[in-house]
file structure-v1.txt (compact mmCIF, C-alpha atoms and all ligand atoms)
# COMPACT_ATOMS: atom_id res chain seq x y z
CA MET A 1 53.90 34.11 20.59
CA GLN A 2 56.28 31.63 22.10
CA MET A 3 59.34 33.17 23.76
CA ILE A 4 62.67 32.48 22.12
CA PRO A 5 64.64 30.46 24.71
CA VAL A 6 67.82 31.86 26.25
CA ILE A 7 70.37 30.12 28.42
CA THR A 8 72.47 32.61 30.36
CA ILE A 9 75.92 31.69 31.64
CA ASP A 10 77.44 34.30 33.93
CA GLY A 11 80.52 34.11 36.07
CA PRO A 12 83.90 35.56 36.93
CA THR A 13 86.83 35.94 34.57
CA ALA A 14 88.49 32.70 33.37
CA SER A 15 85.69 30.52 34.76
CA GLY A 16 85.41 28.85 31.35
CA LYS A 17 82.04 30.44 30.52
CA GLY A 18 83.04 31.29 26.96
CA THR A 19 84.08 27.75 26.06
CA VAL A 20 81.13 26.19 27.85
CA ALA A 21 78.60 28.66 26.36
CA ALA A 22 79.90 28.14 22.81
CA ARG A 23 79.73 24.34 23.18
CA VAL A 24 76.24 24.40 24.66
CA ALA A 25 75.12 26.66 21.78
CA ALA A 26 76.66 24.30 19.21
CA ALA A 27 75.03 21.25 20.82
CA LEU A 28 71.57 22.87 20.69
CA GLY A 29 72.02 24.68 17.35
CA PHE A 30 71.49 28.02 19.15
CA PHE A 31 73.13 31.39 18.53
CA TYR A 32 75.90 32.44 20.89
CA LEU A 33 76.43 35.90 22.41
CA ASP A 34 79.83 36.69 23.92
CA SER A 35 78.81 39.90 25.71
CA GLY A 36 82.31 40.45 27.11
CA ALA A 37 83.50 40.89 23.50
CA LEU A 38 81.26 43.98 23.22
CA TYR A 39 82.94 45.61 26.24
CA ARG A 40 86.31 44.58 24.86
CA LEU A 41 85.45 46.09 21.44
CA CYS A 42 84.43 49.32 23.12
CA ALA A 43 87.68 49.42 25.10
CA TYR A 44 89.74 48.56 22.01
CA LYS A 45 88.19 51.37 19.99
CA ALA A 46 88.64 53.84 22.86
CA LEU A 47 92.31 52.91 23.24
CA LYS A 48 92.85 53.11 19.47
CA GLU A 49 91.16 56.50 19.16
CA LYS A 50 92.87 57.73 22.33
CA VAL A 51 89.58 58.42 24.08
CA SER A 52 90.25 58.90 27.81
CA LEU A 53 88.96 56.03 29.95
CA GLU A 54 87.76 58.72 32.37
CA ASP A 55 85.53 60.42 29.79
CA GLU A 56 82.19 58.72 30.36
CA HIS A 57 80.29 60.78 27.78
CA ALA A 58 82.80 60.08 24.98
CA LEU A 59 82.95 56.39 25.91
CA GLY A 60 79.16 56.21 25.74
CA GLU A 61 79.40 57.54 22.18
CA VAL A 62 82.06 54.98 21.30
CA ALA A 63 79.77 52.23 22.64
CA SER A 64 76.68 53.43 20.79
CA SER A 65 78.53 53.81 17.50
CA LEU A 66 80.10 50.32 17.61
CA ALA A 67 79.24 48.31 14.52
CA PRO A 68 81.09 45.01 14.90
CA HIS A 69 80.68 42.27 12.36
CA PHE A 70 80.75 38.65 13.56
CA GLU A 71 81.63 36.05 10.95
CA ASP A 72 82.30 32.43 11.85
CA ALA A 73 84.76 32.66 14.71
CA LYS A 74 86.08 36.10 13.64
CA ILE A 75 85.20 39.58 14.86
CA TYR A 76 85.67 42.62 12.62
CA LEU A 77 85.51 46.25 13.68
CA ASP A 78 85.51 48.95 11.01
CA GLY A 79 86.83 46.38 8.52
CA GLU A 80 89.73 45.30 10.79
CA ASP A 81 90.06 41.73 12.08
CA VAL A 82 90.24 42.32 15.84
CA THR A 83 89.57 38.72 16.99
CA ASP A 84 92.92 38.30 18.76
CA LYS A 85 93.59 41.98 19.46
CA ILE A 86 90.59 42.36 21.80
CA ARG A 87 91.88 39.42 23.89
CA ALA A 88 95.05 41.30 24.88
CA GLU A 89 95.47 41.81 28.63
CA GLU A 90 95.59 45.60 28.20
CA VAL A 91 92.18 45.53 26.45
CA GLY A 92 90.73 43.23 29.14
CA VAL A 93 91.75 45.64 31.89
CA ALA A 94 90.33 48.63 29.96
CA ALA A 95 87.13 46.62 29.27
CA SER A 96 86.63 46.04 32.97
CA LYS A 97 86.91 49.84 33.50
CA VAL A 98 84.55 50.92 30.69
CA ALA A 99 82.09 48.20 31.77
CA ALA A 100 81.63 50.04 35.07
CA LEU A 101 80.16 53.09 33.29
CA PRO A 102 76.35 53.33 33.13
CA THR A 103 76.35 55.15 29.74
CA VAL A 104 78.39 52.35 28.19
CA ARG A 105 76.18 49.61 29.64
CA LYS A 106 73.06 51.43 28.47
CA ALA A 107 74.46 51.86 24.95
CA LEU A 108 75.16 48.13 24.70
CA LEU A 109 71.79 47.03 26.07
CA GLU A 110 69.86 46.90 22.79
CA VAL A 111 72.64 45.17 20.82
CA GLN A 112 72.56 42.39 23.38
CA LYS A 113 68.77 42.04 23.41
CA ARG A 114 68.73 41.89 19.60
CA ALA A 115 70.93 38.78 19.73
CA ARG A 116 67.89 36.81 20.92
CA LYS A 117 66.94 35.03 17.71
CA ALA A 118 65.17 31.75 16.94
CA PRO A 119 65.76 28.93 17.56
CA GLY A 120 67.51 30.17 20.72
CA LEU A 121 70.47 31.91 22.31
CA VAL A 122 73.23 31.06 24.75
CA ALA A 123 74.58 34.29 26.26
CA ASP A 124 77.68 34.56 28.43
CA GLY A 125 78.82 37.48 30.57
CA ARG A 126 78.35 38.98 34.01
CA ASP A 127 74.73 40.21 33.98
CA MET A 128 73.04 38.11 31.31
CA GLY A 129 70.66 36.45 33.77
CA SER A 130 70.31 39.31 36.24
CA VAL A 131 69.79 42.27 33.85
CA ILE A 132 69.73 41.53 30.11
CA PHE A 133 67.60 38.36 29.92
CA PRO A 134 65.80 38.16 33.28
CA ASP A 135 63.14 35.87 31.77
CA ALA A 136 65.65 33.25 30.56
CA PRO A 137 64.34 29.75 31.33
CA LEU A 138 67.80 28.59 32.42
CA LYS A 139 70.35 30.76 34.23
CA VAL A 140 73.72 29.34 35.18
CA PHE A 141 76.36 30.99 37.35
CA LEU A 142 79.64 29.30 36.55
CA THR A 143 82.40 29.64 39.11
CA ALA A 144 85.72 28.03 39.92
CA SER A 145 88.26 28.77 42.62
CA ALA A 146 90.77 31.54 41.88
CA GLN A 147 93.53 28.88 41.92
CA ALA A 148 91.74 26.71 39.36
CA ARG A 149 91.06 29.71 37.12
CA ALA A 150 94.64 30.95 37.37
CA GLN A 151 95.89 27.47 36.50
CA ARG A 152 93.63 27.37 33.41
CA ARG A 153 94.81 30.77 32.27
CA PHE A 154 98.42 29.71 32.91
CA ASN A 155 97.91 26.63 30.68
CA GLN A 156 96.25 28.72 27.94
CA LEU A 157 99.15 31.18 27.93
CA LYS A 158 101.68 28.34 27.95
CA GLU A 159 100.03 26.89 24.84
CA LYS A 160 100.57 30.25 23.17
CA GLY A 161 104.24 30.16 24.23
CA ILE A 162 103.75 32.90 26.84
CA VAL A 163 105.51 32.44 30.18
CA ALA A 164 103.44 33.60 33.15
CA ASN A 165 103.65 33.53 36.92
CA ILE A 166 100.82 31.69 38.65
CA ASP A 167 100.83 33.94 41.75
CA THR A 168 100.62 37.10 39.62
CA LEU A 169 97.80 35.55 37.57
CA THR A 170 95.87 34.67 40.74
CA ARG A 171 96.29 38.21 42.11
CA ASP A 172 95.17 39.75 38.77
CA LEU A 173 92.08 37.52 38.65
CA GLU A 174 91.13 38.42 42.20
CA GLU A 175 91.55 42.12 41.48
CA ARG A 176 89.37 41.93 38.37
CA ASP A 177 86.73 39.92 40.30
CA ARG A 178 86.69 42.63 42.94
CA ARG A 179 86.19 45.39 40.36
CA ASP A 180 83.44 43.46 38.55
CA MET A 181 81.66 42.60 41.81
CA GLN A 182 81.90 45.97 43.52
CA ARG A 183 80.77 48.30 40.73
CA ALA A 184 77.48 50.09 41.28
CA VAL A 185 75.80 49.11 38.00
CA SER A 186 75.13 45.49 37.03
CA PRO A 187 77.77 44.02 39.35
CA LEU A 188 78.85 40.45 38.85
CA ALA A 189 76.41 38.42 40.95
CA PRO A 190 74.29 35.33 40.40
CA ALA A 191 70.68 36.05 39.44
CA LYS A 192 68.32 35.07 42.27
CA ASP A 193 67.07 32.07 40.30
CA ALA A 194 70.47 31.02 38.88
CA LYS A 195 71.88 27.54 39.27
CA ILE A 196 75.40 27.69 40.68
CA LEU A 197 77.93 25.43 39.01
CA ASP A 198 81.42 25.14 40.50
CA SER A 199 83.69 23.79 37.79
CA SER A 200 86.94 23.72 39.83
CA GLU A 201 86.97 19.91 39.73
CA LEU A 202 85.00 19.39 36.48
CA SER A 203 86.19 18.90 32.91
CA ILE A 204 84.75 21.13 30.17
CA GLU A 205 82.75 18.18 28.88
CA ALA A 206 81.22 17.44 32.29
CA THR A 207 80.36 21.13 32.74
CA VAL A 208 78.69 21.30 29.30
CA ASN A 209 76.74 18.11 30.03
CA GLN A 210 75.46 19.50 33.32
CA VAL A 211 74.15 22.64 31.57
CA LEU A 212 72.51 20.54 28.84
CA GLN A 213 70.95 18.29 31.48
CA TRP A 214 69.51 21.31 33.31
CA TYR A 215 68.16 22.69 30.04
CA LYS A 216 66.47 19.39 29.32
CA GLU A 217 64.87 19.50 32.75
CA VAL A 218 63.47 23.03 32.34
CA THR A 219 62.08 22.34 28.88
CA GLN A 220 60.42 19.04 29.76
O1 LIG A 301 84.25 38.02 29.80
P1 LIG A 301 85.36 38.97 29.42
O2 LIG A 301 86.61 38.77 30.24
O3 LIG A 301 85.64 38.96 27.94
O4 LIG A 301 84.80 40.43 29.77
C1 LIG A 301 85.59 41.59 29.66
C2 LIG A 301 85.15 42.63 30.69
O5 LIG A 301 83.83 43.09 30.37
C3 LIG A 301 85.07 42.10 32.13
O6 LIG A 301 86.08 42.70 32.93
C4 LIG A 301 83.74 42.51 32.66
C5 LIG A 301 83.02 43.16 31.52
N1 LIG A 301 81.72 42.54 31.23
C6 LIG A 301 80.63 43.06 31.85
O7 LIG A 301 80.76 43.98 32.66
N2 LIG A 301 79.39 42.58 31.57
C7 LIG A 301 79.22 41.57 30.71
N3 LIG A 301 78.00 41.13 30.44
C8 LIG A 301 80.36 40.99 30.08
C9 LIG A 301 81.60 41.50 30.38

call {"tool": "encode", "arguments": {"input": "structure-v1.txt", "output": "structure tokens", "more": "lines below"}}
Ligand code: DC
result
Amino acid sequence: MQMIPVITIDGPTASGKGTVAARVAAALGFFYLDSGALYRLCAYKALKEKVSLEDEHALGEVASSLAPHFEDAKIYLDGEDVTDKIRAEEVGVAASKVAALPTVRKALLEVQKRARKAPGLVADGRDMGSVIFPDAPLKVFLTASAQARAQRRFNQLKEKGIVANIDTLTRDLEERDRRDMQRAVSPLAPAKDAKILDSSELSIEATVNQVLQWYKEVTQ
């Protein structure tokens, strides 16, 4: 049986992986897995049900009972449209904490593997290439300097009418990077065979084209 192809795109927060992964998936007609959304959904449900973020056992149960429904660009959890709610800063911070727990990561393992469907999958996250899809034919590690990422987040917030401080954003990004990189299980790190792509000076289009070019090379 021929393996269903997977392109993994891992990298730090605000590196643009989500946008790039979704565009690469659209260009190839592949499915798209936003694995960070699963950790965010888990955190959202825990916050809503007032489950302590220290209670690893209970959080594992929250993760294994998650039954999100993805429809077009929307995400529903228990019938509620949570698309925007899971993007809140508070949920992102809680997601980074629950993502450090082995029981939570284990509970979400199968859901992620099941996303591998024909004709192919583009998966973005922190450990897609290193842990979840180690046999992916193309693994990309997308980075950008903390300044470039903070500037992008600043622009995104500005578009939403939210005033932010660039120094605070940079500090927050660096702190989240540290937590994601220093945790014991599945820390943020490029897979050994990943191609590193620094997008600090690249447009989204140029970044997408580079990934598509690499994919063409590995499938030729
Ligand atoms: O990509 P994101 O910002 O939506 O991810 C939210 C949090 O989930 C992030 O702090 C790290 C964690 N995460 C993870 O540990 N492993 C993944 N594969 C994806 C996200």

call {"tool": "axis_aligned_box", "arguments": {"input": "structure-v1.txt", "around": "ligand LIG 301 (chain A)", "padding_each_side": "3 Å", "output": "AutoDock Vina command-line options"}}
result
--center_x 82.3 --center_y 41.0 --center_z 30.4 --size_x 14.6 --size_y 12.0 --size_z 11.0

call {"tool": "closest_atom_pairs", "arguments": {"input": "structure-v1.txt", "of": "chain A", "to": "ligand LIG 301 (chain A)", "cutoff": "8 Å", "atoms": "all atoms listed in the file", "output": "JSON lines"}}
result
{"residue": "A:Asp10", "atom": "CA", "partner": "A:LIG301", "partner_atom": "N3", "distance": 7.7}
{"residue": "A:Pro12", "atom": "CA", "partner": "A:LIG301", "partner_atom": "O1", "distance": 7.6}
{"residue": "A:Thr13", "atom": "CA", "partner": "A:LIG301", "partner_atom": "O2", "distance": 5.2}
{"residue": "A:Ala14", "atom": "CA", "partner": "A:LIG301", "partner_atom": "O2", "distance": 7.1}
{"residue": "A:Lys17", "atom": "CA", "partner": "A:LIG301", "partner_atom": "O1", "distance": 7.9}
{"residue": "A:Gly18", "atom": "CA", "partner": "A:LIG301", "partner_atom": "O1", "distance": 7.4}
{"residue": "A:Asp34", "atom": "CA", "partner": "A:LIG301", "partner_atom": "O3", "distance": 7.4}
{"residue": "A:Ser35", "atom": "CA", "partner": "A:LIG301", "partner_atom": "C8", "distance": 4.8}
{"residue": "A:Gly36", "atom": "CA", "partner": "A:LIG301", "partner_atom": "C9", "distance": 3.5}
{"residue": "A:Ala37", "atom": "CA", "partner": "A:LIG301", "partner_atom": "O3", "distance": 5.3}
{"residue": "A:Leu38", "atom": "CA", "partner": "A:LIG301", "partner_atom": "C8", "distance": 7.5}
{"residue": "A:Tyr39", "atom": "CA", "partner": "A:LIG301", "partner_atom": "O5", "distance": 4.9}
{"residue": "A:Arg40", "atom": "CA", "partner": "A:LIG301", "partner_atom": "C1", "distance": 5.7}
{"residue": "A:Arg87", "atom": "CA", "partner": "A:LIG301", "partner_atom": "O3", "distance": 7.5}
{"residue": "A:Gly92", "atom": "CA", "partner": "A:LIG301", "partner_atom": "C1", "distance": 5.4}
{"residue": "A:Val93", "atom": "CA", "partner": "A:LIG301", "partner_atom": "O6", "distance": 6.5}
{"residue": "A:Ala94", "atom": "CA", "partner": "A:LIG301", "partner_atom": "O6", "distance": 7.9}
{"residue": "A:Ala95", "atom": "CA", "partner": "A:LIG301", "partner_atom": "C2", "distance": 4.7}
{"residue": "A:Ser96", "atom": "CA", "partner": "A:LIG301", "partner_atom": "O6", "distance": 3.4}
{"residue": "A:Lys97", "atom": "CA", "partner": "A:LIG301", "partner_atom": "O6", "distance": 7.2}
{"residue": "A:Val98", "atom": "CA", "partner": "A:LIG301", "partner_atom": "O5", "distance": 7.9}
{"residue": "A:Ala99", "atom": "CA", "partner": "A:LIG301", "partner_atom": "O7", "distance": 4.5}
{"residue": "A:Ala100", "atom": "CA", "partner": "A:LIG301", "partner_atom": "O7", "distance": 6.6}
{"residue": "A:Arg105", "atom": "CA", "partner": "A:LIG301", "partner_atom": "O7", "distance": 7.9}
{"residue": "A:Asp124", "atom": "CA", "partner": "A:LIG301", "partner_atom": "N3", "distance": 6.9}
{"residue": "A:Gly125", "atom": "CA", "partner": "A:LIG301", "partner_atom": "N3", "distance": 3.7}
{"residue": "A:Arg126", "atom": "CA", "partner": "A:LIG301", "partner_atom": "N3", "distance": 4.2}
{"residue": "A:Asp127", "atom": "CA", "partner": "A:LIG301", "partner_atom": "N3", "distance": 4.9}
{"residue": "A:Met128", "atom": "CA", "partner": "A:LIG301", "partner_atom": "N3", "distance": 5.9}
{"residue": "A:Arg176", "atom": "CA", "partner": "A:LIG301", "partner_atom": "O6", "distance": 6.4}
{"residue": "A:Asp177", "atom": "CA", "partner": "A:LIG301", "partner_atom": "O6", "distance": 7.9}
{"residue": "A:Arg179", "atom": "CA", "partner": "A:LIG301", "partner_atom": "O6", "distance": 7.9}
{"residue": "A:Asp180", "atom": "CA", "partner": "A:LIG301", "partner_atom": "C4", "distance": 6.0}
{"residue": "A:Ser186", "atom": "CA", "partner": "A:LIG301", "partner_atom": "O7", "distance": 7.3}
{"residue": "A:Pro187", "atom": "CA", "partner": "A:LIG301", "partner_atom": "O7", "distance": 7.3}
{"residue": "A:Leu188", "atom": "CA", "partner": "A:LIG301", "partner_atom": "O7", "distance": 7.4}

call {"tool": "closest_residue", "arguments": {"input": "structure-v1.txt", "among": "A:Val122, A:Glu54, A:Arg178, A:Leu41", "to": "Leu66 in chain A", "atoms": "all atoms listed in the file"}}
result
A:Leu41

call {"tool": "residues_around", "arguments": {"input": "structure-v1.txt", "residues": "Asp193 in chain A", "least_positions_apart": "2", "cutoff": "10 Å", "atoms": "all atoms listed in the file", "output": "PyMOL selection string"}}
result
chain A and resi 129-130+134+136-141+190-191+195-196

call {"tool": "atom_distance", "arguments": {"input": "structure-v1.txt", "atom1": "CA of Ala26 in chain A", "atom2": "CA of Leu212 in chain A"}}
result
11.1 Å

call {"tool": "atom_distance", "arguments": {"input": "structure-v1.txt", "atom1": "CA of Val24 in chain A", "atom2": "CA of Asn209 in chain A"}}
result
8.3 Å

call {"tool": "decode", "arguments": {"input": "structure-v1.txt", "residues": "range 172-197 of chain A", "atoms": "N, CA, C and O atoms", "output": "PDB file, in the first residue's frame"}}
result
ATOM      1  N   ASP A 172       6.541  38.225  25.497  1.00  0.00           N
ATOM      2  CA  ASP A 172       5.575  37.120  25.627  1.00  0.00           C
ATOM      3  C   ASP A 172       5.937  35.968  24.687  1.00  0.00           C
ATOM      4  O   ASP A 172       5.868  34.804  25.058  1.00  0.00           O
ATOM      5  N   LEU A 173       6.330  36.333  23.457  1.00  0.00           N
ATOM      6  CA  LEU A 173       6.707  35.300  22.473  1.00  0.00           C
ATOM      7  C   LEU A 173       7.908  34.511  22.968  1.00  0.00           C
ATOM      8  O   LEU A 173       7.942  33.285  22.885  1.00  0.00           O
ATOM      9  N   GLU A 174       8.887  35.252  23.495  1.00  0.00           N
ATOM     10  CA  GLU A 174      10.122  34.588  23.942  1.00  0.00           C
ATOM     11  C   GLU A 174       9.838  33.667  25.128  1.00  0.00           C
ATOM     12  O   GLU A 174      10.397  32.585  25.220  1.00  0.00           O
ATOM     13  N   GLU A 175       8.920  34.112  25.981  1.00  0.00           N
ATOM     14  CA  GLU A 175       8.579  33.285  27.147  1.00  0.00           C
ATOM     15  C   GLU A 175       7.864  32.005  26.704  1.00  0.00           C
ATOM     16  O   GLU A 175       8.136  30.911  27.189  1.00  0.00           O
ATOM     17  N   ARG A 176       6.943  32.141  25.734  1.00  0.00           N
ATOM     18  CA  ARG A 176       6.228  30.956  25.265  1.00  0.00           C
ATOM     19  C   ARG A 176       7.176  30.007  24.521  1.00  0.00           C
ATOM     20  O   ARG A 176       7.108  28.806  24.682  1.00  0.00           O
ATOM     21  N   ASP A 177       8.112  30.568  23.751  1.00  0.00           N
ATOM     22  CA  ASP A 177       9.129  29.746  23.070  1.00  0.00           C
ATOM     23  C   ASP A 177       9.895  28.922  24.102  1.00  0.00           C
ATOM     24  O   ASP A 177      10.122  27.735  23.917  1.00  0.00           O
ATOM     25  N   ARG A 178      10.300  29.628  25.182  1.00  0.00           N
ATOM     26  CA  ARG A 178      11.091  28.944  26.208  1.00  0.00           C
ATOM     27  C   ARG A 178      10.322  27.771  26.798  1.00  0.00           C
ATOM     28  O   ARG A 178      10.833  26.676  26.929  1.00  0.00           O
ATOM     29  N   ARG A 179       9.020  28.014  27.104  1.00  0.00           N
ATOM     30  CA  ARG A 179       8.215  26.941  27.710  1.00  0.00           C
ATOM     31  C   ARG A 179       8.055  25.777  26.727  1.00  0.00           C
ATOM     32  O   ARG A 179       8.165  24.625  27.090  1.00  0.00           O
ATOM     33  N   ASP A 180       7.788  26.099  25.465  1.00  0.00           N
ATOM     34  CA  ASP A 180       7.585  25.043  24.460  1.00  0.00           C
ATOM     35  C   ASP A 180       8.883  24.267  24.181  1.00  0.00           C
ATOM     36  O   ASP A 180       8.847  23.086  23.884  1.00  0.00           O
ATOM     37  N   MET A 181      10.023  24.959  24.306  1.00  0.00           N
ATOM     38  CA  MET A 181      11.297  24.300  23.985  1.00  0.00           C
ATOM     39  C   MET A 181      11.869  23.519  25.159  1.00  0.00           C
ATOM     40  O   MET A 181      12.607  22.574  24.966  1.00  0.00           O
ATOM     41  N   GLN A 182      11.509  23.953  26.374  1.00  0.00           N
ATOM     42  CA  GLN A 182      12.166  23.333  27.538  1.00  0.00           C
ATOM     43  C   GLN A 182      11.372  22.212  28.180  1.00  0.00           C
ATOM     44  O   GLN A 182      11.846  21.569  29.097  1.00  0.00           O
ATOM     45  N   ARG A 183      10.122  21.970  27.708  1.00  0.00           N
ATOM     46  CA  ARG A 183       9.344  20.920  28.364  1.00  0.00           C
ATOM     47  C   ARG A 183       9.971  19.547  28.070  1.00  0.00           C
ATOM     48  O   ARG A 183      10.649  19.364  27.042  1.00  0.00           O
ATOM     49  N   ALA A 184       9.698  18.614  28.991  1.00  0.00           N
ATOM     50  CA  ALA A 184      10.338  17.295  28.874  1.00  0.00           C
ATOM     51  C   ALA A 184       9.773  16.478  27.718  1.00  0.00           C
ATOM     52  O   ALA A 184      10.514  15.766  27.047  1.00  0.00           O
ATOM     53  N   VAL A 185       8.444  16.563  27.489  1.00  0.00           N
ATOM     54  CA  VAL A 185       7.857  15.733  26.428  1.00  0.00           C
ATOM     55  C   VAL A 185       7.648  16.524  25.148  1.00  0.00           C
ATOM     56  O   VAL A 185       7.130  17.641  25.169  1.00  0.00           O
ATOM     57  N   SER A 186       8.021  15.936  24.033  1.00  0.00           N
ATOM     58  CA  SER A 186       7.847  16.536  22.710  1.00  0.00           C
ATOM     59  C   SER A 186       8.166  18.025  22.672  1.00  0.00           C
ATOM     60  O   SER A 186       7.328  18.836  22.276  1.00  0.00           O
ATOM     61  N   PRO A 187       9.358  18.424  23.108  1.00  0.00           N
ATOM     62  CA  PRO A 187       9.668  19.858  23.067  1.00  0.00           C
ATOM     63  C   PRO A 187       9.740  20.368  21.633  1.00  0.00           C
ATOM     64  O   PRO A 187       9.952  19.579  20.707  1.00  0.00           O
ATOM     65  N   LEU A 188       9.538  21.661  21.500  1.00  0.00           N
ATOM     66  CA  LEU A 188       9.649  22.274  20.181  1.00  0.00           C
ATOM     67  C   LEU A 188      11.096  22.176  19.712  1.00  0.00           C
ATOM     68  O   LEU A 188      11.993  22.735  20.331  1.00  0.00           O
ATOM     69  N   ALA A 189      11.314  21.423  18.647  1.00  0.00           N
ATOM     70  CA  ALA A 189      12.666  21.272  18.090  1.00  0.00           C
ATOM     71  C   ALA A 189      12.522  20.743  16.673  1.00  0.00           C
ATOM     72  O   ALA A 189      11.596  19.975  16.397  1.00  0.00           O
ATOM     73  N   PRO A 190      13.427  21.151  15.777  1.00  0.00           N
ATOM     74  CA  PRO A 190      13.317  20.611  14.416  1.00  0.00           C
ATOM     75  C   PRO A 190      13.603  19.114  14.411  1.00  0.00           C
ATOM     76  O   PRO A 190      14.464  18.656  15.156  1.00  0.00           O
ATOM     77  N   ALA A 191      12.853  18.353  13.601  1.00  0.00           N
ATOM     78  CA  ALA A 191      13.176  16.936  13.426  1.00  0.00           C
ATOM     79  C   ALA A 191      14.562  16.879  12.794  1.00  0.00           C
ATOM     80  O   ALA A 191      14.977  17.834  12.121  1.00  0.00           O
ATOM     81  N   LYS A 192      15.262  15.771  13.006  1.00  0.00           N
ATOM     82  CA  LYS A 192      16.648  15.668  12.507  1.00  0.00           C
ATOM     83  C   LYS A 192      16.732  15.911  10.997  1.00  0.00           C
ATOM     84  O   LYS A 192      17.668  16.491  10.496  1.00  0.00           O
ATOM     85  N   ASP A 193      15.700  15.420  10.275  1.00  0.00           N
ATOM     86  CA  ASP A 193      15.716  15.544   8.819  1.00  0.00           C
ATOM     87  C   ASP A 193      14.838  16.692   8.315  1.00  0.00           C
ATOM     88  O   ASP A 193      14.397  16.683   7.166  1.00  0.00           O
ATOM     89  N   ALA A 194      14.583  17.695   9.185  1.00  0.00           N
ATOM     90  CA  ALA A 194      13.723  18.815   8.753  1.00  0.00           C
ATOM     91  C   ALA A 194      14.520  19.850   7.966  1.00  0.00           C
ATOM     92  O   ALA A 194      15.716  20.025   8.184  1.00  0.00           O
ATOM     93  N   LYS A 195      13.824  20.491   7.037  1.00  0.00           N
ATOM     94  CA  LYS A 195      14.442  21.608   6.323  1.00  0.00           C
ATOM     95  C   LYS A 195      14.074  22.882   7.085  1.00  0.00           C
ATOM     96  O   LYS A 195      12.897  23.108   7.368  1.00  0.00           O
ATOM     97  N   ILE A 196      15.089  23.677   7.408  1.00  0.00           N
ATOM     98  CA  ILE A 196      14.850  24.900   8.181  1.00  0.00           C
ATOM     99  C   ILE A 196      14.549  26.047   7.218  1.00  0.00           C
ATOM    100  O   ILE A 196      15.300  26.253   6.253  1.00  0.00           O
ATOM    101  N   LEU A 197      13.458  26.737   7.493  1.00  0.00           N
ATOM    102  CA  LEU A 197      13.092  27.871   6.639  1.00  0.00           C
ATOM    103  C   LEU A 197      12.903  29.110   7.510  1.00  0.00           C
ATOM    104  O   LEU A 197      11.983  29.159   8.336  1.00  0.00           O
TER     105      LEU A 197
END
